[in-house]
Amino acid sequence: MRLPGALLSVLILGLPGIGTGLAALHLSGAQAPDFVLKSISGENIRLSEYRGQVVVLSFWAKWCGDCRAQLAGLNEMYSLYREAGFEVIAVSMDRDIDDARETAEAVEVSYPVLFDQGREVSQLYDISSTPMILMIDREGVVREVIEGYRRGTEEEYLDRVRALLRE
Amino acid sequence: MRISLVGILLCAAWVTRLAWGQAAADDESAMPEFTPDQGATANAVMEETAEFRTLDEDIQDLKKLVLDLNRDLFLLEEELLFPANTQVAVFVSMDVGEFFGLDSVSVTLDNKDVANYLYTAREADALLRGGVHQVYLGNMRAGEHELVAIFSGEGSHDRDYRRGATVVFEKGIGPKYIELIISDREQKLQPEFVVKEWE
């Protein structure tokens, strides 16, 4: 039995986290909701304290394969533009802090990795799939919501970050 | 000897004054003369500058008005949401902090969690510099209430430290302010957590 193409696409697009399930998109153009979370190294990080800097907020989890590649890509961007006022904050949606710590150590991330155990921040940002990144400008406004990750798109990310840094 | 020293100083002052006067006269003579055309242009520029200044002042006045209005609205909103007669506010302050690095404060009122605040390093530093943080603002009816505050952080020798402080307070007709004070007890080399009531 073959499913009609239209029905198949409806089924696929309707699945959470796949295709158009970009729930966080409504935040584009709005002020990024403030939050405070504990980082895997122990200190508390509040988003609003990064006002004045261009921030990439990345939501990820250990079980998501693309997340690891994205974390590594963000690491390179961070080392390149940190001095210019660029910050990366990675929010782990793992249930266990050890999972988050293990991945962060494996990728050797140099930026803060926060642990959203209660999924409060993920809910606040309406995160329906991973990886997902939000680009926040110096005024604290969400400028871009990017879902998923494809290898080789780092240059696109860099262009967007450069444009925000130039503003 | 003293008189001659005073005399020398007076002479030096007189000479300096004479030289200053001469220099000022030289400057005046060196100034160019304005023709009527140049005068008219200068007047136009001055008028334009004055216009801009007035506009800038108007903008500043408007900005001030907006800020004032915003403040009044905030006060009105707070008054409406938390009327003075039922208002309870809990504040956190810190003194010295040698033996305790603040991480978080949880507040329970009558067995109900009302606040749980994580402090960043910057916020903890602001508290150490004399800042006071309003951790909770809410409404409560008059009568007896119990407040439990749990302080988490880092104690001496980098050890995790968790302590609680409880107070039973009487809420009267007016607003109630409660301050959670974290201070050092030098003699015991330990932090001290005090709950203070303000009327």
# chains A, B, ... in the order shown; residues from 1 in each chain; ligands from 1
>>> residues_around(residues="Arg143 in chain A", least_positions_apart="3", cutoff="6 Å", atoms="only C-alpha atoms", output="list in words")
Ser28, Gly29, Met135 and Ile136 of chain A
>>> write_last_selection(atoms="C-alpha atoms", output="mmCIF file, in the first residue's frame")
data_model
loop_
_atom_site.group_PDB
_atom_site.id
_atom_site.type_symbol
_atom_site.label_atom_id
_atom_site.label_comp_id
_atom_site.auth_asym_id
_atom_site.auth_seq_id
_atom_site.Cartn_x
_atom_site.Cartn_y
_atom_site.Cartn_z
ATOM 1 C CA SER A 28 12.437 36.520 15.912
ATOM 2 C CA GLY A 29 12.424 40.282 16.266
ATOM 3 C CA MET A 135 21.286 34.908 17.161
ATOM 4 C CA ILE A 136 20.813 37.789 19.560
#
>>> select_by_dssp(residues="chain A", states="helix (DSSP H, G or I)", output="PyMOL selection string")
chain A and resi 5-14+23-27+47-50+65-84+97-107+120-124+154-166
>>> closest_residue(among="B:Gly138, B:Gly172, B:Gly153, B:Pro191", to="Leu80 in chain B", atoms="only C-alpha atoms")
B:Gly138
>>> closest_residue(among="B:Gly155, B:Gly131, B:Gly164, B:Gly101", to="chain A", atoms="only C-alpha atoms")
B:Gly101
>>> closest_residue(among="A:Thr153, A:Ala32, A:Tyr78, A:Asn44", to="Leu102 in chain B", atoms="only C-alpha atoms")
A:Asn44
>>> closest_residue(among="A:Gly42, A:Pro131, A:Gly152, A:Gly85", to="Ala61 in chain A", atoms="only C-alpha atoms")
A:Pro131
>>> interface_residues(of="chain A", to="chain B", cutoff="9 Å", atoms="only C-alpha atoms", output="list in words")
Val36, Leu37, Lys38, Glu43, Asn44, Ile45, Arg46 and Glu49 of chain A
>>> atom_distance(atom1="CA of Val121 in chain A", atom2="CA of Gly140 in chain A")
16.1 Å
>>> residues_around(residues="Leu81 in chain B", least_positions_apart="5", cutoff="10 Å", atoms="only C-alpha atoms", output="tab-separated table (two decimals) with N, CA, C and O atoms, in the first residue's frame")
chain	number	residue	atom	x	y	z
B	75	LEU	N	5.02	52.86	39.52
B	75	LEU	CA	4.59	53.00	40.92
B	75	LEU	C	3.10	52.69	41.06
B	75	LEU	O	2.68	52.01	41.99
B	76	LEU	N	2.33	53.22	40.09
B	76	LEU	CA	0.87	52.99	40.12
B	76	LEU	C	0.55	51.50	39.99
B	76	LEU	O	-0.29	50.96	40.71
B	86	THR	N	-1.45	44.96	52.11
B	86	THR	CA	-1.23	43.51	52.05
B	86	THR	C	0.18	43.16	51.56
B	86	THR	O	0.52	42.01	51.43
B	87	GLN	N	0.97	44.19	51.31
B	87	GLN	CA	2.28	43.97	50.69
B	87	GLN	C	3.33	43.35	51.63
B	87	GLN	O	3.50	43.80	52.75
B	137	LEU	N	8.17	39.88	46.14
B	137	LEU	CA	7.17	40.91	46.43
B	137	LEU	C	5.80	40.27	46.21
B	137	LEU	O	5.54	39.72	45.14
B	138	GLY	N	4.97	40.28	47.22
B	138	GLY	CA	3.66	39.64	47.09
B	138	GLY	C	2.65	40.19	48.08
B	138	GLY	O	2.93	41.15	48.81
B	139	ASN	N	1.49	39.56	48.08
B	139	ASN	CA	0.43	40.00	48.98
B	139	ASN	C	0.16	38.93	50.03
B	139	ASN	O	0.18	37.74	49.74
>>> closest_residue(among="A:Leu124, A:Ala106, A:Val54, A:Leu114", to="Val142 in chain A", atoms="only C-alpha atoms")
A:Val54
